[in-house]
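Novice: Sharing a structure with you now.
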Number of protein chains: 2
Amino acid sequence: MKLATLNDGSRDGQLVVVSTDLASAHYATGIAEHLQQVLDDWSFISPQLQDLYDTLNHGKARHAFAFDARQCMAPLPRAYLLAVGDAYPSPAETQAATASLPNASSTALHLGFADALLGARAPLTCAHAAQYPDFAASVAVMTGDVAQGATPEQALDAVRLLALASHTHYRAWQDQPALALMAAPHTALSPVAVTPDELVWAGESAWAQGRLSLTLQCSVNGRKFGACNAGHDMRTHFGELMAQLCLARRLRAGSIVSSGEVRQLAVSAGCSSIATRRGLEMAQSGSAKTPWLAQGDNVTIDMMGPDGQSVFGAIDQDVQVGPQTALPAA
Amino acid sequence: MKLATLNDGSRDGQLVVVSTDLASAHYATGIAEHLQQVLDDWSFISPQLQDLYDTLNHGKARHAFAFDARQCMAPLPRAYLLAVGDAYPSPAETQAATASLPNASSTALHLGFADALLGARAPLTCAHAAQYPDFAASVAVMTGDVAQGATPEQALDAVRLLALASHTHYRAWQDQPALALMAAPHTALSPVAVTPDELVWAGESAWAQGRLSLTLQCSVNGRKFGACNAGHDMRTHFGELMAQLCLARRLRAGSIVSSGEVRQLAVSAGCSSIATRRGLEMAQSGSAKTPWLAQGDNVTIDMMGPDGQSVFGAIDQDVQVGPQTALPAA
């Protein structure tokens, strides 16, 4: 099933079930108000949502309405944990086009700000262009409870939902110790989060062995920027990322684990961030040509199924640069 | 007023109001079930809790019961943000006994795991003694909403509650990139969180200019380990820590900001972590004598008012080392 959260002016919004084609929606009122509740009590609540989802997809939900991604908050507007991995080959490896894929190894995860995840249409903000605003297009999972010491396979059993994520980066800040924490201030999520069973086409699951093998499409100002397959070169899969987080503690329901920027070794696949593209340009020609984001730019991130339909809806952010920029309402 | 959360088997527990002497408590049922609700809507809910608190302190609350810190979860059992500062002089500075206090400067904050804050009596766990388990006794504030770009003074206006915090550290892991995130897996909070107006004695507030000028008492196995005044040498005060977090984003209600380990320049004040004491020993005699924590050790952290009464109740953790160690129930 597919779930979204509509902005009703409250901190947690209102949970809705969205049809598989993203055309219509239905409030989950009476089942659950917020996605965190569903994740807290998944085995009890999710079958009820599934029933509503089936009814909606059959065109039989009485109070269905047109789904509008512009009304969406993040599916989970605030979470208790956001961990961001570094699951793909480094930019240096993608520059060496002949590099072979290294073995899976423990990657460094870091915690991100989970207290205010942004809706898919929230502006990508920064105060000054000199902060070098950038995006990093990623895939994320939302988890149930995972026991301490869980294996990667056990951890994967607790993946409840998948979504797209775009982390805002201020590249000029990331190497300054006093500013590094603020160098990735925001994460926007796709309008819709989907259960793993939505990722099956013609009997084949694009979600397998902890990797989502679909193409993450990034555009800047309407021009194709990247088309990296999110599964192809994923070195540390989601089960491994989650197991690392369970090394010394449990993972609680509602945790969000992001892959970090999706990359492919094949340079022809393009990039999921400006920083990576500039790195490629530097390696190829000695100078970075692609500018950082600027006022009025647009970044769109989407992922299509084999049927050509958007799976999660698009992250579609306009860049707002300026000290007066207000963040979207809570 | 003083607030605590009792363990009722649920993820968020049950909010109670606790009398100023920590002797009795009363469920906040009918006003708010969880502390996050109170922080989300402070101006509406907190006056109702204050009325109940006043009634309780006058011995007139009808369903009051004896307060038992052993029944406590963290006052906020799960939070959307935990940021940990480094607000005190470094161990190197405390070793140079003649060092003068440097000017306030921007300190590096980092995010901590906020998804499962531990109750004051939860065991301090680790799988192997070779992880070098340690504690870091700290002061923490819980905030309301703070606007992006807030000044330190504006940020201080949003401090709703104060508490003690003890961060569990695995010192053997903190310099290993793949393990560094897991090197501080848990934070325990004092049984009770208190509003700033509880920190006034004889007309004088121990909470002033973003610093709490009371002595943080740490004991290991019943022996005095540290007695650092939390206000005396605090270099970056809580308003400054919060303002740093508001540099590029808002701070949302229910955020927890920890000072990081409390230290005093005067060596005679002792230490709030074993790591700092071992550092002092190394500097003085060339070898560290104090062992890391071990199975069966006990760490107690408390803070008394000028009247000799515990303000927040004590953090009182028994150390459990072993691979079978279960974490306390959610």
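Residue numbering restarts at 1 for every chain of the structure tokens, chains are lettered A, B, ... in their displayed order, and ligands are numbered from 1 as they appear.
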With chain B as the partner and 7 Å as the cut-off, tabulate the residues of chain A that qualify, each row holding the nearest pair of atoms and their distance in Å to one decimal, using only C-alpha atoms, sorted by chain and rising number, as a Markdown table.
Specialist:
```
| residue | atom | partner | partner_atom | distance |
| --- | --- | --- | --- | --- |
| A:Arg78 | CA | B:Tyr80 | CA | 6.8 |
| A:Ala79 | CA | B:Tyr80 | CA | 5.9 |
| A:Tyr80 | CA | B:Tyr80 | CA | 4.6 |
| A:Leu81 | CA | B:Asp115 | CA | 5.9 |
| A:Ser106 | CA | B:Ala178 | CA | 6.1 |
| A:Thr107 | CA | B:Ala178 | CA | 6.0 |
| A:Ala108 | CA | B:Ala178 | CA | 4.9 |
| A:Leu109 | CA | B:Leu181 | CA | 6.9 |
| A:His110 | CA | B:Leu181 | CA | 6.5 |
| A:Leu111 | CA | B:Leu111 | CA | 6.3 |
| A:Ala114 | CA | B:Tyr80 | CA | 6.3 |
| A:Asp115 | CA | B:Tyr80 | CA | 4.7 |
| A:Pro177 | CA | B:Ala108 | CA | 6.3 |
| A:Ala178 | CA | B:Ala108 | CA | 4.9 |
| A:Leu181 | CA | B:His110 | CA | 6.5 |
| A:Met182 | CA | B:Ala248 | CA | 6.3 |
| A:Pro185 | CA | B:Arg249 | CA | 6.5 |
| A:Ala248 | CA | B:Met182 | CA | 6.3 |
| A:Arg249 | CA | B:Pro185 | CA | 6.4 |
| A:Arg252 | CA | B:Asp115 | CA | 6.9 |
```
Novice: Mind writing the picked residues with N, CA and C atoms as a short mmCIF file (atom, residue, chain, number, x, y, z; two decimals), in the first residue's frame?
Specialist:
```cif
data_model
loop_
_atom_site.label_atom_id
_atom_site.label_comp_id
_atom_site.auth_asym_id
_atom_site.auth_seq_id
_atom_site.Cartn_x
_atom_site.Cartn_y
_atom_site.Cartn_z
N ARG A 78 7.80 14.04 11.40
CA ARG A 78 8.90 14.10 12.38
C ARG A 78 9.13 12.68 12.85
N ALA A 79 10.39 12.33 12.97
CA ALA A 79 10.76 10.96 13.30
C ALA A 79 11.72 10.99 14.48
N TYR A 80 11.84 9.86 15.16
CA TYR A 80 12.72 9.79 16.33
C TYR A 80 14.16 9.48 15.95
N LEU A 81 14.35 9.03 14.72
CA LEU A 81 15.73 8.74 14.29
C LEU A 81 15.83 8.82 12.77
N SER A 106 31.74 -2.32 6.25
CA SER A 106 31.00 -1.46 7.16
C SER A 106 31.25 -0.02 6.74
N THR A 107 30.17 0.68 6.57
CA THR A 107 30.23 2.06 6.12
C THR A 107 29.95 2.95 7.32
N ALA A 108 30.39 4.17 7.28
CA ALA A 108 30.12 5.08 8.38
C ALA A 108 28.73 5.67 8.20
N LEU A 109 27.88 5.45 9.18
CA LEU A 109 26.57 6.09 9.19
C LEU A 109 26.67 7.35 10.04
N HIS A 110 25.81 8.30 9.78
CA HIS A 110 25.71 9.43 10.69
C HIS A 110 24.25 9.76 10.93
N LEU A 111 23.99 10.45 12.03
CA LEU A 111 22.62 10.84 12.35
C LEU A 111 22.29 12.14 11.65
N ALA A 114 15.93 14.65 12.25
CA ALA A 114 14.69 13.92 11.96
C ALA A 114 13.48 14.66 12.48
N ASP A 115 13.72 15.78 13.17
CA ASP A 115 12.62 16.44 13.88
C ASP A 115 11.70 17.22 12.96
N PRO A 177 34.44 22.67 11.19
CA PRO A 177 33.97 21.92 12.37
C PRO A 177 32.79 22.57 13.07
N ALA A 178 32.80 23.88 13.23
CA ALA A 178 31.72 24.52 13.98
C ALA A 178 30.42 24.55 13.19
N LEU A 181 27.69 20.31 11.51
CA LEU A 181 26.38 19.74 11.85
C LEU A 181 25.26 20.42 11.08
N MET A 182 25.41 21.72 10.84
CA MET A 182 24.37 22.47 10.15
C MET A 182 24.52 22.39 8.63
N PRO A 185 21.05 20.48 6.86
CA PRO A 185 20.01 20.86 7.81
C PRO A 185 18.64 20.23 7.57
N ALA A 248 24.82 -1.98 18.99
CA ALA A 248 24.90 -1.72 20.42
C ALA A 248 23.58 -1.24 21.00
N ARG A 249 22.54 -1.34 20.23
CA ARG A 249 21.23 -0.84 20.69
C ARG A 249 20.16 -1.37 19.77
N ARG A 252 14.23 1.40 16.87
CA ARG A 252 12.82 1.51 17.25
C ARG A 252 11.92 1.78 16.05
#
```
Novice: Looking only at helix (DSSP H, G or I) from DSSP on the backbone, list the matching residues of region 204-256 of chain B as number ranges by chain.
Specialist: B: 238-245
Novice: Name the residues of region 59-174 of chain A that come out as strand (DSSP E) in a backbone DSSP run; write them as a PDB file with N, CA, C and O atoms, in the first residue's frame.
Specialist:
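File produced: selection.pdb:
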```
ATOM      1  N   PHE A  65     -10.790  11.231  -2.613  1.00  0.00           N
ATOM      2  CA  PHE A  65     -10.631  12.541  -3.246  1.00  0.00           C
ATOM      3  C   PHE A  65      -9.350  12.519  -4.058  1.00  0.00           C
ATOM      4  O   PHE A  65      -8.518  11.614  -3.907  1.00  0.00           O
ATOM      5  N   ALA A  66      -9.210  13.502  -4.950  1.00  0.00           N
ATOM      6  CA  ALA A  66      -8.029  13.550  -5.812  1.00  0.00           C
ATOM      7  C   ALA A  66      -6.791  13.793  -4.950  1.00  0.00           C
ATOM      8  O   ALA A  66      -6.777  14.686  -4.093  1.00  0.00           O
ATOM      9  N   CYS A  72       1.093  17.652   0.543  1.00  0.00           N
ATOM     10  CA  CYS A  72       1.760  16.660   1.381  1.00  0.00           C
ATOM     11  C   CYS A  72       2.827  17.262   2.283  1.00  0.00           C
ATOM     12  O   CYS A  72       3.643  18.077   1.860  1.00  0.00           O
ATOM     13  N   MET A  73       2.833  16.808   3.507  1.00  0.00           N
ATOM     14  CA  MET A  73       4.014  16.894   4.348  1.00  0.00           C
ATOM     15  C   MET A  73       4.851  15.658   4.013  1.00  0.00           C
ATOM     16  O   MET A  73       4.469  14.838   3.174  1.00  0.00           O
ATOM     17  N   LEU A  82      16.829   9.524  12.304  1.00  0.00           N
ATOM     18  CA  LEU A  82      17.218   9.501  10.897  1.00  0.00           C
ATOM     19  C   LEU A  82      18.705   9.185  10.857  1.00  0.00           C
ATOM     20  O   LEU A  82      19.516   9.934  11.415  1.00  0.00           O
ATOM     21  N   ALA A  83      19.033   8.058  10.259  1.00  0.00           N
ATOM     22  CA  ALA A  83      20.439   7.698  10.076  1.00  0.00           C
ATOM     23  C   ALA A  83      20.714   7.689   8.579  1.00  0.00           C
ATOM     24  O   ALA A  83      19.923   7.169   7.795  1.00  0.00           O
ATOM     25  N   VAL A  84      21.830   8.289   8.200  1.00  0.00           N
ATOM     26  CA  VAL A  84      22.178   8.413   6.791  1.00  0.00           C
ATOM     27  C   VAL A  84      23.458   7.629   6.542  1.00  0.00           C
ATOM     28  O   VAL A  84      24.478   7.865   7.196  1.00  0.00           O
ATOM     29  N   HIS A 110      25.810   8.301   9.776  1.00  0.00           N
ATOM     30  CA  HIS A 110      25.709   9.434  10.694  1.00  0.00           C
ATOM     31  C   HIS A 110      24.247   9.762  10.929  1.00  0.00           C
ATOM     32  O   HIS A 110      23.376   9.377  10.138  1.00  0.00           O
ATOM     33  N   LEU A 111      23.991  10.447  12.029  1.00  0.00           N
ATOM     34  CA  LEU A 111      22.621  10.836  12.348  1.00  0.00           C
ATOM     35  C   LEU A 111      22.289  12.145  11.653  1.00  0.00           C
ATOM     36  O   LEU A 111      23.143  13.022  11.527  1.00  0.00           O
ATOM     37  N   LEU A 124      13.796  24.327  -1.167  1.00  0.00           N
ATOM     38  CA  LEU A 124      15.153  23.997  -0.719  1.00  0.00           C
ATOM     39  C   LEU A 124      15.805  25.338  -0.383  1.00  0.00           C
ATOM     40  O   LEU A 124      16.071  26.143  -1.273  1.00  0.00           O
ATOM     41  N   THR A 125      16.005  25.581   0.898  1.00  0.00           N
ATOM     42  CA  THR A 125      16.366  26.926   1.348  1.00  0.00           C
ATOM     43  C   THR A 125      17.826  27.034   1.767  1.00  0.00           C
ATOM     44  O   THR A 125      18.432  26.085   2.238  1.00  0.00           O
ATOM     45  N   CYS A 126      18.358  28.222   1.577  1.00  0.00           N
ATOM     46  CA  CYS A 126      19.604  28.583   2.245  1.00  0.00           C
ATOM     47  C   CYS A 126      19.658  30.096   2.334  1.00  0.00           C
ATOM     48  O   CYS A 126      18.951  30.803   1.610  1.00  0.00           O
ATOM     49  N   PRO A 133      24.562  25.658  -1.804  1.00  0.00           N
ATOM     50  CA  PRO A 133      23.478  24.695  -1.590  1.00  0.00           C
ATOM     51  C   PRO A 133      23.503  23.579  -2.630  1.00  0.00           C
ATOM     52  O   PRO A 133      23.823  23.814  -3.795  1.00  0.00           O
ATOM     53  N   ASP A 134      23.169  22.403  -2.181  1.00  0.00           N
ATOM     54  CA  ASP A 134      23.203  21.209  -3.030  1.00  0.00           C
ATOM     55  C   ASP A 134      22.139  20.247  -2.513  1.00  0.00           C
ATOM     56  O   ASP A 134      21.594  20.412  -1.413  1.00  0.00           O
ATOM     57  N   PHE A 135      21.855  19.230  -3.318  1.00  0.00           N
ATOM     58  CA  PHE A 135      20.945  18.163  -2.896  1.00  0.00           C
ATOM     59  C   PHE A 135      21.714  16.851  -2.966  1.00  0.00           C
ATOM     60  O   PHE A 135      22.775  16.769  -3.592  1.00  0.00           O
ATOM     61  N   ALA A 136      21.193  15.829  -2.317  1.00  0.00           N
ATOM     62  CA  ALA A 136      21.740  14.480  -2.433  1.00  0.00           C
ATOM     63  C   ALA A 136      20.546  13.535  -2.473  1.00  0.00           C
ATOM     64  O   ALA A 136      19.871  13.325  -1.459  1.00  0.00           O
ATOM     65  N   ALA A 137      20.270  12.995  -3.658  1.00  0.00           N
ATOM     66  CA  ALA A 137      19.096  12.147  -3.857  1.00  0.00           C
ATOM     67  C   ALA A 137      19.383  10.728  -3.373  1.00  0.00           C
ATOM     68  O   ALA A 137      20.413  10.150  -3.726  1.00  0.00           O
ATOM     69  N   SER A 138      18.470  10.200  -2.593  1.00  0.00           N
ATOM     70  CA  SER A 138      18.707   8.966  -1.850  1.00  0.00           C
ATOM     71  C   SER A 138      17.429   8.130  -1.802  1.00  0.00           C
ATOM     72  O   SER A 138      16.345   8.603  -2.117  1.00  0.00           O
ATOM     73  N   VAL A 139      17.584   6.897  -1.370  1.00  0.00           N
ATOM     74  CA  VAL A 139      16.450   6.020  -1.065  1.00  0.00           C
ATOM     75  C   VAL A 139      16.446   5.821   0.444  1.00  0.00           C
ATOM     76  O   VAL A 139      17.515   5.755   1.068  1.00  0.00           O
ATOM     77  N   ALA A 140      15.261   5.751   1.046  1.00  0.00           N
ATOM     78  CA  ALA A 140      15.181   5.586   2.501  1.00  0.00           C
ATOM     79  C   ALA A 140      14.165   4.508   2.850  1.00  0.00           C
ATOM     80  O   ALA A 140      13.202   4.283   2.115  1.00  0.00           O
ATOM     81  N   VAL A 141      14.408   3.841   3.962  1.00  0.00           N
ATOM     82  CA  VAL A 141      13.427   2.899   4.505  1.00  0.00           C
ATOM     83  C   VAL A 141      12.957   3.392   5.873  1.00  0.00           C
ATOM     84  O   VAL A 141      13.691   4.067   6.592  1.00  0.00           O
ATOM     85  N   MET A 142      11.714   3.058   6.186  1.00  0.00           N
ATOM     86  CA  MET A 142      11.167   3.293   7.528  1.00  0.00           C
ATOM     87  C   MET A 142      10.978   1.933   8.173  1.00  0.00           C
ATOM     88  O   MET A 142      10.442   1.014   7.557  1.00  0.00           O
ATOM     89  N   THR A 143      11.410   1.833   9.406  1.00  0.00           N
ATOM     90  CA  THR A 143      11.512   0.520  10.029  1.00  0.00           C
ATOM     91  C   THR A 143      10.493   0.306  11.147  1.00  0.00           C
ATOM     92  O   THR A 143       9.949   1.257  11.708  1.00  0.00           O
ATOM     93  N   VAL A 159      11.714  -3.854   7.587  1.00  0.00           N
ATOM     94  CA  VAL A 159      11.483  -2.719   6.676  1.00  0.00           C
ATOM     95  C   VAL A 159       9.991  -2.639   6.393  1.00  0.00           C
ATOM     96  O   VAL A 159       9.401  -3.558   5.828  1.00  0.00           O
ATOM     97  N   ARG A 160       9.387  -1.557   6.822  1.00  0.00           N
ATOM     98  CA  ARG A 160       7.935  -1.410   6.658  1.00  0.00           C
ATOM     99  C   ARG A 160       7.577  -0.625   5.406  1.00  0.00           C
ATOM    100  O   ARG A 160       6.613  -0.920   4.727  1.00  0.00           O
ATOM    101  N   LEU A 161       8.342   0.428   5.112  1.00  0.00           N
ATOM    102  CA  LEU A 161       8.007   1.341   4.023  1.00  0.00           C
ATOM    103  C   LEU A 161       9.293   1.832   3.369  1.00  0.00           C
ATOM    104  O   LEU A 161      10.339   1.921   4.014  1.00  0.00           O
ATOM    105  N   LEU A 162       9.188   2.167   2.091  1.00  0.00           N
ATOM    106  CA  LEU A 162      10.298   2.812   1.381  1.00  0.00           C
ATOM    107  C   LEU A 162       9.830   4.157   0.842  1.00  0.00           C
ATOM    108  O   LEU A 162       8.640   4.347   0.562  1.00  0.00           O
ATOM    109  N   ALA A 163      10.774   5.067   0.682  1.00  0.00           N
ATOM    110  CA  ALA A 163      10.473   6.389   0.137  1.00  0.00           C
ATOM    111  C   ALA A 163      11.736   6.938  -0.505  1.00  0.00           C
ATOM    112  O   ALA A 163      12.825   6.393  -0.332  1.00  0.00           O
ATOM    113  N   LEU A 164      11.592   7.998  -1.262  1.00  0.00           N
ATOM    114  CA  LEU A 164      12.756   8.736  -1.742  1.00  0.00           C
ATOM    115  C   LEU A 164      13.091   9.838  -0.737  1.00  0.00           C
ATOM    116  O   LEU A 164      12.209  10.352  -0.053  1.00  0.00           O
ATOM    117  N   ALA A 165      14.361  10.179  -0.665  1.00  0.00           N
ATOM    118  CA  ALA A 165      14.792  11.242   0.239  1.00  0.00           C
ATOM    119  C   ALA A 165      15.772  12.143  -0.484  1.00  0.00           C
ATOM    120  O   ALA A 165      16.589  11.681  -1.281  1.00  0.00           O
ATOM    121  N   SER A 166      15.688  13.430  -0.210  1.00  0.00           N
ATOM    122  CA  SER A 166      16.696  14.364  -0.711  1.00  0.00           C
ATOM    123  C   SER A 166      17.240  15.165   0.462  1.00  0.00           C
ATOM    124  O   SER A 166      16.502  15.881   1.136  1.00  0.00           O
ATOM    125  N   HIS A 167      18.529  14.991   0.696  1.00  0.00           N
ATOM    126  CA  HIS A 167      19.175  15.710   1.783  1.00  0.00           C
ATOM    127  C   HIS A 167      19.718  17.032   1.247  1.00  0.00           C
ATOM    128  O   HIS A 167      20.468  17.043   0.263  1.00  0.00           O
ATOM    129  N   THR A 168      19.340  18.137   1.868  1.00  0.00           N
ATOM    130  CA  THR A 168      19.919  19.428   1.512  1.00  0.00           C
ATOM    131  C   THR A 168      21.303  19.541   2.148  1.00  0.00           C
ATOM    132  O   THR A 168      21.471  19.246   3.335  1.00  0.00           O
ATOM    133  N   HIS A 169      22.276  19.942   1.344  1.00  0.00           N
ATOM    134  CA  HIS A 169      23.644  20.131   1.848  1.00  0.00           C
ATOM    135  C   HIS A 169      24.100  21.550   1.578  1.00  0.00           C
ATOM    136  O   HIS A 169      23.803  22.106   0.522  1.00  0.00           O
ATOM    137  N   TYR A 170      24.798  22.120   2.555  1.00  0.00           N
ATOM    138  CA  TYR A 170      25.525  23.359   2.311  1.00  0.00           C
ATOM    139  C   TYR A 170      26.986  22.958   2.196  1.00  0.00           C
ATOM    140  O   TYR A 170      27.678  22.776   3.207  1.00  0.00           O
TER     141      TYR A 170
END
```
Novice: Rank B:Ala314, B:Val18, B:Ile31, B:Leu49 by their smallest atom-to-atom distance to Ser190 (chain B), using only C-alpha atoms, and report the top residue only.
Specialist: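 Nearest candidate to Ser190 (chain B) out of B:Ala314, B:Val18, B:Ile31, B:Leu49: B:Ala314.
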Novice: How many Å separate CA of Val267 (chain B) from CA of Ala206 (chain B)?
Specialist: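 These two atoms are separated by 22.5 Å.
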Novice: Looking at A:Ala202, A:Val262, A:Ala193, A:Ala122, which one is nearest to Gly226 (chain A), with distances taken over only C-alpha atoms?
Specialist: A:Val262
Novice: Which of these residues is nearest to Gln48 (chain A), using only C-alpha atoms: A:Val17, A:Val319, A:Ala269, A:Ala25?
Specialist: A:Val17
